[in-house]
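**Student:** Dropping in upload.txt, which is compact mmCIF, C-alpha atoms and all ligand atoms:
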# COMPACT_ATOMS: atom_id res chain seq x y z
CA MET A 210 0.00 0.00 0.00
CA LYS A 211 1.00 3.58 -0.65
CA VAL A 212 0.25 5.50 2.53
CA LEU A 213 0.41 9.25 3.25
CA VAL A 214 0.57 10.65 6.79
CA VAL A 215 -0.41 14.32 7.19
CA GLY A 216 1.56 16.36 9.75
CA GLY A 217 5.15 17.03 10.71
CA GLY A 218 5.82 16.78 14.44
CA GLY A 219 6.92 14.18 16.97
CA ARG A 220 3.50 12.56 16.87
CA GLU A 221 3.72 12.06 13.13
CA HIS A 222 7.26 10.71 13.47
CA ALA A 223 5.93 8.02 15.84
CA ILE A 224 3.02 7.22 13.50
CA CYS A 225 5.38 6.91 10.52
CA TRP A 226 7.89 4.85 12.58
CA LYS A 227 5.13 2.41 13.49
CA LEU A 228 3.57 2.28 10.00
CA ALA A 229 7.00 1.66 8.47
CA GLN A 230 7.09 -1.61 10.44
CA SER A 231 3.91 -2.86 8.74
CA PRO A 232 4.45 -5.40 5.97
CA LYS A 233 1.38 -3.92 4.25
CA VAL A 234 2.95 -0.49 3.83
CA THR A 235 5.28 -0.60 0.83
CA GLN A 236 5.60 3.15 0.26
CA LEU A 237 5.27 5.70 3.04
CA TYR A 238 4.95 9.47 2.58
CA CYS A 239 4.55 12.31 5.07
CA ALA A 240 3.43 15.89 4.38
CA PRO A 241 5.18 18.06 5.35
CA GLY A 242 7.20 15.73 7.64
CA ASN A 243 10.50 16.72 9.25
CA ALA A 244 14.14 15.63 9.21
CA GLY A 245 13.54 12.68 11.55
CA ILE A 246 10.49 11.51 9.66
CA ALA A 247 12.65 11.52 6.51
CA GLN A 248 14.50 8.50 8.01
CA VAL A 249 11.37 6.34 7.58
CA ALA A 250 9.18 8.13 5.00
CA THR A 251 9.47 10.33 1.94
CA CYS A 252 8.64 13.90 2.92
CA VAL A 253 6.26 15.81 0.69
CA ASP A 254 6.25 19.59 0.51
CA VAL A 255 2.54 20.24 1.09
CA LYS A 256 1.32 22.17 4.16
CA ALA A 257 -0.79 20.14 6.62
CA THR A 258 -3.61 22.71 6.37
CA ASP A 259 -3.64 22.82 2.54
CA VAL A 260 -6.72 20.66 1.99
CA ASP A 261 -6.95 21.13 -1.79
CA GLY A 262 -3.19 20.73 -2.25
CA MET A 263 -3.16 17.54 -0.14
CA VAL A 264 -6.05 15.93 -2.02
CA ALA A 265 -4.50 16.86 -5.38
CA TRP A 266 -1.14 15.37 -4.36
CA ALA A 267 -2.72 12.18 -2.98
CA LYS A 268 -4.71 11.71 -6.19
CA GLU A 269 -1.82 12.45 -8.48
CA HIS A 270 0.42 9.97 -6.66
CA ALA A 271 -2.30 7.33 -6.28
CA MET A 272 -2.31 7.02 -2.48
CA ASP A 273 -4.19 3.98 -1.19
CA PHE A 274 -4.71 5.44 2.26
CA VAL A 275 -4.22 8.75 4.08
CA MET A 276 -3.83 9.21 7.85
CA VAL A 277 -4.66 12.77 8.94
CA ALA A 278 -3.01 13.39 12.33
CA PRO A 279 -3.30 17.10 13.34
CA ASP A 280 -6.44 18.95 14.49
CA ASP A 281 -6.47 21.82 11.98
CA PRO A 282 -6.84 19.78 8.77
CA LEU A 283 -9.46 17.60 10.48
CA ALA A 284 -11.50 20.66 11.47
CA LEU A 285 -11.06 21.99 7.92
CA GLY A 286 -12.62 18.82 6.48
CA MET A 287 -9.57 17.16 4.96
CA VAL A 288 -11.02 13.69 5.57
CA ASP A 289 -14.31 14.71 3.92
CA ALA A 290 -12.38 16.01 0.90
CA LEU A 291 -10.25 12.86 0.61
CA GLU A 292 -13.34 10.64 0.84
CA ALA A 293 -15.05 12.73 -1.85
CA ALA A 294 -12.00 12.07 -4.03
CA GLY A 295 -12.35 8.32 -3.40
CA ILE A 296 -9.31 7.98 -1.12
CA PRO A 297 -9.78 6.07 2.17
CA ALA A 298 -8.78 8.40 5.01
CA PHE A 299 -8.29 7.87 8.75
CA GLY A 300 -9.64 10.59 11.02
CA PRO A 301 -12.99 12.17 11.80
CA ARG A 302 -14.93 14.21 9.27
CA ALA A 303 -15.34 17.89 10.08
CA ASN A 304 -18.79 17.33 11.60
CA ALA A 305 -17.25 14.95 14.18
CA ALA A 306 -13.89 16.77 14.59
CA ILE A 307 -16.05 19.53 16.06
CA VAL A 308 -15.68 17.81 19.47
CA GLU A 309 -12.27 19.48 19.55
CA ALA A 310 -12.97 22.52 17.39
CA SER A 311 -15.87 23.73 19.58
CA LYS A 312 -15.89 23.43 23.35
CA ALA A 313 -19.48 24.75 23.41
CA PHE A 314 -20.52 21.85 21.17
CA SER A 315 -18.80 19.19 23.26
CA LYS A 316 -20.13 20.56 26.55
CA GLU A 317 -23.66 20.53 25.09
CA LEU A 318 -23.16 16.94 23.90
CA MET A 319 -21.99 15.80 27.34
CA LYS A 320 -24.92 17.50 29.05
CA LYS A 321 -27.47 15.98 26.66
CA TYR A 322 -26.06 12.44 27.05
CA HIS A 323 -25.24 12.64 30.77
CA ILE A 324 -21.49 12.21 30.31
CA PRO A 325 -19.71 13.39 33.49
CA THR A 326 -18.01 16.78 33.08
CA ALA A 327 -17.68 20.08 34.96
CA LYS A 328 -20.89 22.09 35.40
CA TYR A 329 -20.87 25.03 32.95
CA GLN A 330 -22.65 27.70 30.96
CA THR A 331 -21.97 29.13 27.51
CA PHE A 332 -22.04 32.88 26.83
CA THR A 333 -22.00 35.18 23.81
CA GLN A 334 -22.74 38.36 25.83
CA LEU A 335 -19.98 39.75 28.03
CA ASP A 336 -22.29 41.27 30.68
CA GLN A 337 -24.01 37.91 31.20
CA ALA A 338 -20.65 36.14 31.48
CA LEU A 339 -19.49 38.65 34.10
CA ALA A 340 -22.71 38.25 36.10
CA TYR A 341 -22.33 34.45 36.06
CA ILE A 342 -18.73 34.68 37.30
CA GLU A 343 -19.86 37.03 40.07
CA ALA A 344 -22.65 34.65 41.11
CA GLU A 345 -20.55 31.47 41.00
CA GLY A 346 -17.41 32.86 42.65
CA ALA A 347 -13.83 31.58 42.30
CA PRO A 348 -11.97 29.39 41.53
CA ILE A 349 -13.63 29.20 38.13
CA VAL A 350 -12.50 28.31 34.60
CA VAL A 351 -12.95 30.52 31.51
CA LYS A 352 -12.51 28.95 28.06
CA ALA A 353 -12.58 30.36 24.54
CA ASP A 354 -14.94 28.25 22.43
CA GLY A 355 -12.74 27.61 19.40
CA LEU A 356 -9.22 26.36 18.69
CA ALA A 357 -6.68 28.58 20.44
CA LEU A 358 -3.50 26.48 20.30
CA GLY A 359 -4.17 25.16 23.82
CA LYS A 360 -3.93 28.68 25.23
CA GLY A 361 -7.62 29.58 25.40
CA VAL A 362 -8.18 28.28 28.94
CA VAL A 363 -7.79 30.35 32.10
CA VAL A 364 -8.11 28.59 35.46
CA ALA A 365 -8.86 31.69 37.53
CA ALA A 366 -8.13 31.76 41.26
CA THR A 367 -10.13 34.97 41.81
CA VAL A 368 -13.32 36.55 40.44
CA ASP A 369 -11.31 39.51 39.11
CA GLU A 370 -8.95 37.24 37.20
CA ALA A 371 -11.89 35.37 35.66
CA LYS A 372 -13.63 38.59 34.66
CA GLN A 373 -10.47 39.91 33.07
CA ALA A 374 -10.07 36.69 31.07
CA ALA A 375 -13.67 36.91 29.84
CA ARG A 376 -13.16 40.56 28.85
CA GLU A 377 -9.96 39.77 26.96
CA MET A 378 -11.60 36.94 25.04
CA MET A 379 -14.98 38.54 24.30
CA GLU A 380 -14.13 42.24 24.04
CA GLY A 381 -10.41 42.27 23.30
CA HIS A 382 -10.65 39.35 20.83
CA LYS A 383 -7.45 37.91 22.25
CA PHE A 384 -8.07 34.66 20.37
CA GLY A 385 -9.86 36.25 17.41
CA ASP A 386 -13.23 34.70 16.64
CA SER A 387 -12.41 31.70 18.87
CA GLY A 388 -13.39 33.88 21.84
CA ASN A 389 -16.73 35.21 20.56
CA THR A 390 -18.33 32.43 22.58
CA VAL A 391 -16.93 31.48 25.96
CA VAL A 392 -17.59 28.52 28.20
CA ILE A 393 -17.42 29.21 31.93
CA GLU A 394 -17.18 26.15 34.11
CA GLU A 395 -16.71 24.81 37.58
CA CYS A 396 -13.10 24.24 38.64
CA MET A 397 -12.42 20.54 39.11
CA THR A 398 -9.60 19.01 41.15
CA GLY A 399 -7.65 15.75 40.89
CA PRO A 400 -4.98 14.15 38.75
CA GLU A 401 -5.35 14.48 34.97
CA VAL A 402 -4.95 11.53 32.64
CA THR A 403 -5.30 11.10 28.90
CA VAL A 404 -7.00 8.13 27.30
CA LEU A 405 -6.63 7.84 23.53
CA ALA A 406 -9.09 5.47 21.91
CA PHE A 407 -9.43 4.00 18.44
CA THR A 408 -12.99 4.05 17.18
CA ASP A 409 -14.82 3.19 13.99
CA GLY A 410 -17.92 5.08 15.10
CA LYS A 411 -19.46 2.12 16.95
CA THR A 412 -16.73 0.14 18.70
CA VAL A 413 -14.28 1.99 20.93
CA VAL A 414 -10.93 0.50 21.93
CA PRO A 415 -9.06 2.49 24.59
CA MET A 416 -5.28 2.46 24.37
CA PRO A 417 -3.18 2.31 27.56
CA ALA A 418 -3.75 5.52 29.54
CA SER A 419 -1.08 8.19 29.58
CA GLN A 420 -0.27 11.40 31.40
CA ASP A 421 1.03 14.55 29.77
CA HIS A 422 3.08 17.24 31.56
CA LYS A 423 1.84 20.50 30.06
CA ARG A 424 3.71 23.16 32.04
CA ALA A 425 7.15 24.28 30.90
CA TYR A 426 9.00 23.90 34.21
CA ASP A 427 9.47 21.40 37.03
CA GLY A 428 6.81 21.13 39.69
CA ASN A 429 4.14 21.99 37.08
CA GLN A 430 5.21 25.63 37.06
CA GLY A 431 5.48 28.12 34.23
CA PRO A 432 3.50 28.58 31.03
CA ASN A 433 1.45 25.89 29.30
CA THR A 434 3.18 24.10 26.42
CA GLY A 435 2.17 21.50 23.86
CA GLY A 436 3.50 18.93 26.36
CA MET A 437 6.96 18.46 27.92
CA GLY A 438 6.78 14.72 28.51
CA ALA A 439 4.44 11.85 29.19
CA ILE A 440 4.25 8.48 30.87
CA SER A 441 2.10 5.44 30.31
CA PRO A 442 0.31 4.05 32.20
CA PRO A 443 -0.20 6.57 35.04
CA PRO A 444 -0.51 4.74 38.38
CA GLN A 445 -3.66 6.71 39.34
CA TYR A 446 -5.64 5.14 36.49
CA THR A 447 -6.71 1.88 38.14
CA PRO A 448 -8.64 -0.96 36.42
CA ALA A 449 -11.76 0.05 38.38
CA ILE A 450 -11.52 3.62 37.07
CA ALA A 451 -10.89 2.30 33.55
CA LYS A 452 -14.09 0.24 33.74
CA GLN A 453 -16.06 3.22 34.99
CA CYS A 454 -14.67 5.40 32.17
CA MET A 455 -15.59 2.82 29.55
CA GLU A 456 -19.18 2.59 30.82
CA GLN A 457 -19.82 6.24 31.66
CA ILE A 458 -17.60 8.16 29.23
CA PHE A 459 -15.96 6.33 26.28
CA GLN A 460 -18.80 4.23 24.87
CA PRO A 461 -21.47 6.87 25.67
CA THR A 462 -19.45 9.52 23.79
CA VAL A 463 -19.06 7.39 20.68
CA ASP A 464 -22.76 6.42 20.84
CA ALA A 465 -23.78 10.06 21.34
CA LEU A 466 -21.86 11.25 18.30
CA ARG A 467 -23.37 8.50 16.17
CA ALA A 468 -26.87 9.35 17.46
CA GLU A 469 -26.27 12.97 16.49
CA GLY A 470 -25.47 11.96 12.91
CA ARG A 471 -21.76 12.67 13.44
CA PRO A 472 -20.15 9.21 13.59
CA PHE A 473 -16.56 9.58 14.79
CA GLN A 474 -13.95 7.48 13.01
CA GLY A 475 -10.36 7.98 14.12
CA VAL A 476 -8.61 8.54 17.44
CA LEU A 477 -10.75 10.14 20.11
CA TYR A 478 -8.74 11.82 22.85
CA PHE A 479 -10.31 11.88 26.30
CA GLY A 480 -8.73 14.44 28.62
CA LEU A 481 -9.94 13.28 32.03
CA MET A 482 -9.76 14.55 35.57
CA LEU A 483 -10.00 11.95 38.32
CA THR A 484 -12.06 14.04 40.74
CA PRO A 485 -13.23 13.02 44.22
CA GLN A 486 -16.67 12.48 42.59
CA GLY A 487 -15.22 10.15 39.94
CA PRO A 488 -13.67 10.62 36.49
CA LYS A 489 -14.94 13.60 34.48
CA VAL A 490 -14.15 14.88 30.99
CA VAL A 491 -11.98 17.99 30.83
CA GLU A 492 -11.83 18.03 27.04
CA TYR A 493 -12.12 15.96 23.91
CA ASN A 494 -9.62 16.10 21.09
CA ALA A 495 -10.22 14.62 17.67
CA ARG A 496 -6.75 13.06 17.24
CA PHE A 497 -3.72 11.52 18.91
CA GLY A 498 -2.16 13.78 21.54
CA ASP A 499 1.45 14.87 21.22
CA PRO A 500 3.55 13.63 23.08
CA GLU A 501 1.11 10.98 24.39
CA CYS A 502 1.01 9.34 20.95
CA GLN A 503 4.75 8.64 20.93
CA VAL A 504 4.74 6.83 24.26
CA VAL A 505 1.53 4.89 23.63
CA LEU A 506 2.51 3.72 20.13
CA SER A 507 5.81 2.52 21.60
CA LEU A 508 3.73 0.07 23.63
CA LEU A 509 1.66 -1.18 20.68
CA ASP A 510 2.46 -4.73 19.58
CA SER A 511 -0.07 -5.04 16.74
CA ASP A 512 0.23 -3.68 13.22
CA LEU A 513 -0.96 -0.04 13.25
CA MET A 514 -2.02 -0.22 9.59
CA ASP A 515 -4.49 -3.02 10.42
CA ILE A 516 -6.04 -0.87 13.13
CA LEU A 517 -6.31 2.26 10.96
CA GLN A 518 -8.01 0.24 8.23
CA ALA A 519 -10.42 -1.41 10.67
CA CYS A 520 -11.46 2.04 11.91
CA VAL A 521 -12.14 3.24 8.37
CA ASN A 522 -13.91 0.00 7.36
CA GLY A 523 -16.06 -0.24 10.50
CA THR A 524 -14.60 -3.60 11.53
CA LEU A 525 -12.81 -2.66 14.73
CA ASP A 526 -14.92 -5.15 16.74
CA GLN A 527 -13.28 -8.00 14.83
CA LEU A 528 -9.66 -6.97 15.34
CA PRO A 529 -7.64 -8.17 18.32
CA ILE A 530 -5.22 -5.46 19.43
CA ARG A 531 -2.18 -6.42 21.48
CA TRP A 532 -0.13 -4.16 23.75
CA LYS A 533 3.25 -4.82 25.32
CA ASN A 534 2.94 -5.53 29.01
CA GLU A 535 5.35 -2.68 29.72
CA ALA A 536 5.45 0.97 30.68
CA GLY A 537 6.79 3.93 28.72
CA CYS A 538 8.17 7.42 29.17
CA ILE A 539 8.81 10.24 26.72
CA LEU A 540 10.97 13.18 27.62
CA VAL A 541 10.68 16.27 25.41
CA LEU A 542 13.91 18.17 24.73
CA ALA A 543 12.92 21.75 23.93
CA SER A 544 14.64 24.91 22.76
CA GLY A 545 15.57 27.34 25.56
CA GLY A 546 12.78 29.90 25.94
CA TYR A 547 10.00 27.64 24.60
CA PRO A 548 7.00 28.15 24.65
CA LEU A 549 7.83 31.87 24.34
CA ASP A 550 10.70 33.17 22.19
CA TYR A 551 13.47 30.78 21.20
CA GLN A 552 16.27 30.43 18.65
CA LYS A 553 16.48 27.79 15.92
CA GLY A 554 19.26 26.33 13.82
CA TYR A 555 21.55 24.93 16.55
CA PRO A 556 23.43 21.69 15.79
CA ILE A 557 22.28 18.62 17.75
CA SER A 558 24.78 16.04 19.00
CA GLY A 559 24.47 12.60 20.59
CA LEU A 560 21.47 11.30 18.64
CA GLU A 561 23.14 8.06 17.67
CA GLU A 562 24.28 7.23 21.20
CA ALA A 563 20.82 8.02 22.66
CA GLY A 564 19.21 5.89 19.96
CA LYS A 565 20.97 2.78 21.28
CA THR A 566 18.66 2.50 24.30
CA ALA A 567 15.72 4.76 23.42
CA THR A 568 13.72 5.80 20.37
CA VAL A 569 14.29 9.46 19.58
CA PHE A 570 11.32 10.99 17.77
CA HIS A 571 11.97 14.28 16.01
CA ALA A 572 9.47 17.09 16.62
CA GLY A 573 11.29 20.14 15.24
CA THR A 574 14.50 19.36 13.38
CA LYS A 575 15.98 19.99 9.96
CA LEU A 576 19.01 18.69 8.16
CA GLY A 577 21.91 21.15 7.82
CA PRO A 578 24.09 21.46 4.69
CA ASP A 579 26.72 19.09 6.11
CA GLY A 580 24.17 16.43 7.02
CA GLN A 581 23.96 17.35 10.69
CA TYR A 582 20.60 17.65 12.42
CA LEU A 583 19.70 21.19 13.50
CA THR A 584 17.02 22.46 15.90
CA ASN A 585 14.02 23.81 14.02
CA GLY A 586 11.20 24.31 16.53
CA GLY A 587 10.18 24.77 20.15
CA ARG A 588 9.83 21.11 20.91
CA VAL A 589 12.87 19.55 19.23
CA LEU A 590 13.07 15.86 20.19
CA GLY A 591 11.15 13.27 22.20
CA VAL A 592 13.32 10.64 23.86
CA THR A 593 11.08 7.60 24.34
CA ALA A 594 11.86 4.49 26.35
CA THR A 595 9.96 1.40 27.43
CA ALA A 596 10.73 -1.02 30.27
CA PRO A 597 8.95 -3.67 32.34
CA ASP A 598 7.92 -1.00 34.88
CA LEU A 599 7.35 2.74 34.93
CA GLU A 600 10.36 3.67 37.07
CA GLY A 601 12.55 1.66 34.71
CA ALA A 602 11.15 3.43 31.65
CA ILE A 603 11.62 6.88 33.24
CA ALA A 604 15.23 6.09 34.23
CA LYS A 605 15.97 4.74 30.75
CA ALA A 606 14.59 7.84 29.00
CA TYR A 607 16.62 10.19 31.23
CA ASP A 608 19.71 8.07 30.79
CA ALA A 609 19.43 8.14 26.99
CA ALA A 610 18.73 11.90 26.99
CA ARG A 611 22.05 12.54 28.77
CA HIS A 612 23.83 11.87 25.49
CA ILE A 613 21.97 14.57 23.57
CA SER A 614 22.87 18.22 23.58
CA PHE A 615 22.25 21.44 21.70
CA GLN A 616 22.63 25.06 22.71
CA ASP A 617 20.11 26.21 25.37
CA MET A 618 18.48 22.75 25.51
CA HIS A 619 15.68 22.67 28.08
CA PHE A 620 13.81 19.72 29.56
CA ARG A 621 11.91 18.88 32.70
CA ARG A 622 13.67 16.78 35.34
CA ASP A 623 10.49 15.49 36.95
CA ILE A 624 8.59 13.66 34.19
CA GLY A 625 6.70 10.82 35.87
CA HIS A 626 7.15 12.33 39.33
CA ALA A 627 5.19 15.58 39.11
CA PHE A 628 1.71 14.49 40.21
P1 LIG B 701 -8.33 22.23 27.97
O1 LIG B 701 -7.74 23.00 26.83
O2 LIG B 701 -9.82 22.29 28.05
O3 LIG B 701 -7.79 20.86 28.08
O4 LIG B 701 -7.77 22.90 29.29
C1 LIG B 701 -6.38 23.03 29.51
C2 LIG B 701 -6.05 22.72 30.94
O5 LIG B 701 -6.78 23.56 31.82
C3 LIG B 701 -6.46 21.31 31.35
O6 LIG B 701 -5.48 20.38 31.00
C4 LIG B 701 -6.63 21.46 32.84
O7 LIG B 701 -5.39 21.37 33.49
C5 LIG B 701 -7.16 22.85 32.99
N1 LIG B 701 -8.63 22.82 33.09
C6 LIG B 701 -9.52 22.88 32.08
N2 LIG B 701 -10.78 22.82 32.53
C7 LIG B 701 -10.70 22.71 33.88
C8 LIG B 701 -11.67 22.62 34.93
N3 LIG B 701 -12.97 22.66 34.69
N4 LIG B 701 -11.21 22.54 36.18
C9 LIG B 701 -9.89 22.54 36.45
N5 LIG B 701 -8.93 22.62 35.51
C10 LIG B 701 -9.32 22.71 34.23
N1 LIG B 702 -0.55 16.77 24.63
C1 LIG B 702 -1.82 17.40 24.54
C2 LIG B 702 -2.38 17.50 23.20
O1 LIG B 702 -1.87 16.96 22.23
O2 LIG B 702 -3.40 18.15 23.05
Show me this structure written as structure tokens.
**Tutor:**
Amino acid sequence: MKVLVVGGGGREHAICWKLAQSPKVTQLYCAPGNAGIAQVATCVDVKATDVDGMVAWAKEHAMDFVMVAPDDPLALGMVDALEAAGIPAFGPRANAAIVEASKAFSKELMKKYHIPTAKYQTFTQLDQALAYIEAEGAPIVVKADGLALGKGVVVAATVDEAKQAAREMMEGHKFGDSGNTVVIEECMTGPEVTVLAFTDGKTVVPMPASQDHKRAYDGNQGPNTGGMGAISPPPQYTPAIAKQCMEQIFQPTVDALRAEGRPFQGVLYFGLMLTPQGPKVVEYNARFGDPECQVVLSLLDSDLMDILQACVNGTLDQLPIRWKNEAGCILVLASGGYPLDYQKGYPISGLEEAGKTATVFHAGTKLGPDGQYLTNGGRVLGVTATAPDLEGAIAKAYDAARHISFQDMHFRRDIGHAF
């Protein structure tokens, strides 16, 4: 099969790395890809958000299958467009990807189908939002409705802070049109876990749970990032909680979307908070998380291509999926200054040595003129290790990362020990 993966970060490197191991995949392409992905796939110079360009390229080069990984092209309807062109594509159509693209939509869905989540209200009028904040008191959470690169959420400790956030979103248009509607919700407490699940729209198969570390600095301090590291499985996610999530959250969500005429085919991302009242949904995403994807796919024993096809064909109930009975850890090596200002173009050393005991996924790298890898983004590399137990996997990832260096390299020292 000729397979195209859309995207170009660490997540897509892991997807390509895993697909390259499938005997079914004879030719693998990635658009736009990156320098690490180029080790396992042919990179194609088409932007991930260029729906027309992507469909045209896939048609011209006779792709048998396309895997759309990032949220933007999914929300833009890339899967719909590929299907219309007769190309099987993995990922939700735009009408189902809306679970990520609109928080107001997903909160409404959860309310209608009694899926546990924080109590909330949606507002389009600033004065009403301010009155609600005043009445509810703090702590309280203010969220821009649309996609805001993970930055549209303010967990406010005081009423004034919450009001200011609402003003900035609704009046100041801090996130453009994404903030025209805001969701204001109850502040939940408890450890956060991610569960990624394959689904064909009917059957839902949860992958091993994982736990992202979103803040830039140790002790969960500093600004939010795309994710500085992840472990799988998190010890807090017990089999009893997993069962409860399956019955009260995962299957009901997939059933709800189908009942609404929006069957979801792809990876559904459940951001969960394990509150004293039980697990509740913090957010849905319509795709693999990054860096959760890298660590979870490292634990997958089965052929990923088989799973992607079963999701598209609606036959997931017939496919046994095997996981390694191990734990994993990914450590993100970032450019100094990320997620704010940072420099690019620094040479990276030690990749080969680190690769002897860990898998190093490239998130933001490019190849320099002399064949050396250079930094080319905020998140640069993801050092990923597996071991029979979690402490072993964490130690192995840190040990491998010791070999790697580039100017101003920054990483957290407490991945796996921060919660
Ligand atoms: P989201 O983009 O909705 O995932 O929110 C980003 C982060 O904000 C989450 O990972 C949580 O840490 C935090 N958060 C969001 N909603 C709530 C809530 N209702 N209560 C407490 N923390 C929240
Ligand atoms: N790591 C969080 C996300 O991909 O949204």
**Student:** List all protein, DNA and RNA residues that have an atom no more than 10 Å from any atom of ligand LIG 701 (chain B), counting only C-alpha atoms and all ligand atoms, and report them as an mmCIF file with C-alpha atoms, keeping the file's coordinate frame.
**Tutor:**
data_model
loop_
_atom_site.group_PDB
_atom_site.id
_atom_site.type_symbol
_atom_site.label_atom_id
_atom_site.label_comp_id
_atom_site.auth_asym_id
_atom_site.auth_seq_id
_atom_site.Cartn_x
_atom_site.Cartn_y
_atom_site.Cartn_z
ATOM 1 C CA GLU A 309 -12.270 19.480 19.550
ATOM 2 C CA LYS A 312 -15.890 23.430 23.350
ATOM 3 C CA THR A 326 -18.010 16.780 33.080
ATOM 4 C CA ALA A 327 -17.680 20.080 34.960
ATOM 5 C CA LYS A 328 -20.890 22.090 35.400
ATOM 6 C CA TYR A 329 -20.870 25.030 32.950
ATOM 7 C CA PRO A 348 -11.970 29.390 41.530
ATOM 8 C CA ILE A 349 -13.630 29.200 38.130
ATOM 9 C CA VAL A 350 -12.500 28.310 34.600
ATOM 10 C CA VAL A 351 -12.950 30.520 31.510
ATOM 11 C CA LYS A 352 -12.510 28.950 28.060
ATOM 12 C CA ALA A 353 -12.580 30.360 24.540
ATOM 13 C CA ASP A 354 -14.940 28.250 22.430
ATOM 14 C CA LEU A 356 -9.220 26.360 18.690
ATOM 15 C CA ALA A 357 -6.680 28.580 20.440
ATOM 16 C CA LEU A 358 -3.500 26.480 20.300
ATOM 17 C CA GLY A 359 -4.170 25.160 23.820
ATOM 18 C CA LYS A 360 -3.930 28.680 25.230
ATOM 19 C CA GLY A 361 -7.620 29.580 25.400
ATOM 20 C CA VAL A 362 -8.180 28.280 28.940
ATOM 21 C CA VAL A 363 -7.790 30.350 32.100
ATOM 22 C CA VAL A 364 -8.110 28.590 35.460
ATOM 23 C CA ALA A 365 -8.860 31.690 37.530
ATOM 24 C CA VAL A 392 -17.590 28.520 28.200
ATOM 25 C CA ILE A 393 -17.420 29.210 31.930
ATOM 26 C CA GLU A 394 -17.180 26.150 34.110
ATOM 27 C CA GLU A 395 -16.710 24.810 37.580
ATOM 28 C CA CYS A 396 -13.100 24.240 38.640
ATOM 29 C CA MET A 397 -12.420 20.540 39.110
ATOM 30 C CA THR A 398 -9.600 19.010 41.150
ATOM 31 C CA GLY A 399 -7.650 15.750 40.890
ATOM 32 C CA PRO A 400 -4.980 14.150 38.750
ATOM 33 C CA GLU A 401 -5.350 14.480 34.970
ATOM 34 C CA VAL A 402 -4.950 11.530 32.640
ATOM 35 C CA THR A 403 -5.300 11.100 28.900
ATOM 36 C CA ASP A 421 1.030 14.550 29.770
ATOM 37 C CA HIS A 422 3.080 17.240 31.560
ATOM 38 C CA LYS A 423 1.840 20.500 30.060
ATOM 39 C CA ARG A 424 3.710 23.160 32.040
ATOM 40 C CA ASN A 433 1.450 25.890 29.300
ATOM 41 C CA PHE A 479 -10.310 11.880 26.300
ATOM 42 C CA GLY A 480 -8.730 14.440 28.620
ATOM 43 C CA LEU A 481 -9.940 13.280 32.030
ATOM 44 C CA MET A 482 -9.760 14.550 35.570
ATOM 45 C CA THR A 484 -12.060 14.040 40.740
ATOM 46 C CA LYS A 489 -14.940 13.600 34.480
ATOM 47 C CA VAL A 490 -14.150 14.880 30.990
ATOM 48 C CA VAL A 491 -11.980 17.990 30.830
ATOM 49 C CA GLU A 492 -11.830 18.030 27.040
ATOM 50 C CA TYR A 493 -12.120 15.960 23.910
ATOM 51 C CA ASN A 494 -9.620 16.100 21.090
#
**Student:** Would you write out, as a tab-separated table, a table of all residues in chain A that have an atom no more than 6 Å from an atom of ligand LIG 702 (chain B), listing for each the closest atom pair and the distance in Å to one decimal, considering only C-alpha atoms and all ligand atoms and ordering rows by chain and rising residue number?
**Tutor:**
residue	atom	partner	partner_atom	distance
A:Asp421	CA	B:LIG702	N1	5.8
A:Gly435	CA	B:LIG702	N1	5.5
A:Gly436	CA	B:LIG702	N1	4.9
A:Gly498	CA	B:LIG702	O1	3.3
A:Asp499	CA	B:LIG702	O1	4.1
A:Pro500	CA	B:LIG702	N1	5.4
**Student:** Those residues with C-alpha atoms, as a PDB file, in the frame of the given file please?
**Tutor:**
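Ended up saving to result-v6.pdb:
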ATOM      1  CA  ASP A 421       1.030  14.550  29.770  1.00  0.00           C
ATOM      2  CA  GLY A 435       2.170  21.500  23.860  1.00  0.00           C
ATOM      3  CA  GLY A 436       3.500  18.930  26.360  1.00  0.00           C
ATOM      4  CA  GLY A 498      -2.160  13.780  21.540  1.00  0.00           C
ATOM      5  CA  ASP A 499       1.450  14.870  21.220  1.00  0.00           C
ATOM      6  CA  PRO A 500       3.550  13.630  23.080  1.00  0.00           C
TER       7      PRO A 500
END
**Student:** Choose the residue, out of A:Gln373, A:Thr390, A:Ile440, A:Asn585, that has the smallest atom-to-atom separation from Val404 (chain A); count only C-alpha atoms.
**Tutor:**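 Closest residue, counting only C-alpha atoms: A:Ile440.
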**Student:** Between CA of Pro282 (chain A) and CA of Lys383 (chain A), what is the spacing in Å?
**Tutor:**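 Between these atoms lies a distance of 22.6 Å.
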**Student:** For Ala278 (chain A), please output as a compact mmCIF listing (two decimals) with C-alpha atoms, in the coordinates of the input all residues within 7 Å (counting all atoms listed in the file; exclusion window: fewer than 6 positions along the same chain).
**Tutor:**
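Output (out.txt):
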# COMPACT_ATOMS: atom_id res chain seq x y z
CA VAL A 215 -0.41 14.32 7.19
CA GLY A 216 1.56 16.36 9.75
CA GLU A 221 3.72 12.06 13.13
CA ARG A 496 -6.75 13.06 17.24
CA PHE A 497 -3.72 11.52 18.91
**Student:** Using all atoms listed in the file, find the one residue out of A:Cys520, A:Ala567, A:Met276, A:Ala439 that sits nearest to Lys605 (chain A).
**Tutor:**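 Of the candidates, the smallest distance to Lys605 (chain A) is held by A:Ala567.
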**Student:** I'd like to know which of A:Met319, A:Ser614, A:Glu377, A:Leu576 is closest to Leu339 (chain A), using only C-alpha atoms.
**Tutor:**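 Between A:Met319, A:Ser614, A:Glu377, A:Leu576, the residue approaching Leu339 (chain A) most closely is A:Glu377.
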**Student:** Tell me, in Å to one decimal, how far CA of Ile342 (chain A) is from CA of Ala375 (chain A).
**Tutor:**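 If I compute the distance from CA of Ile342 (chain A) to CA of Ala375 (chain A), I get 9.3 Å.
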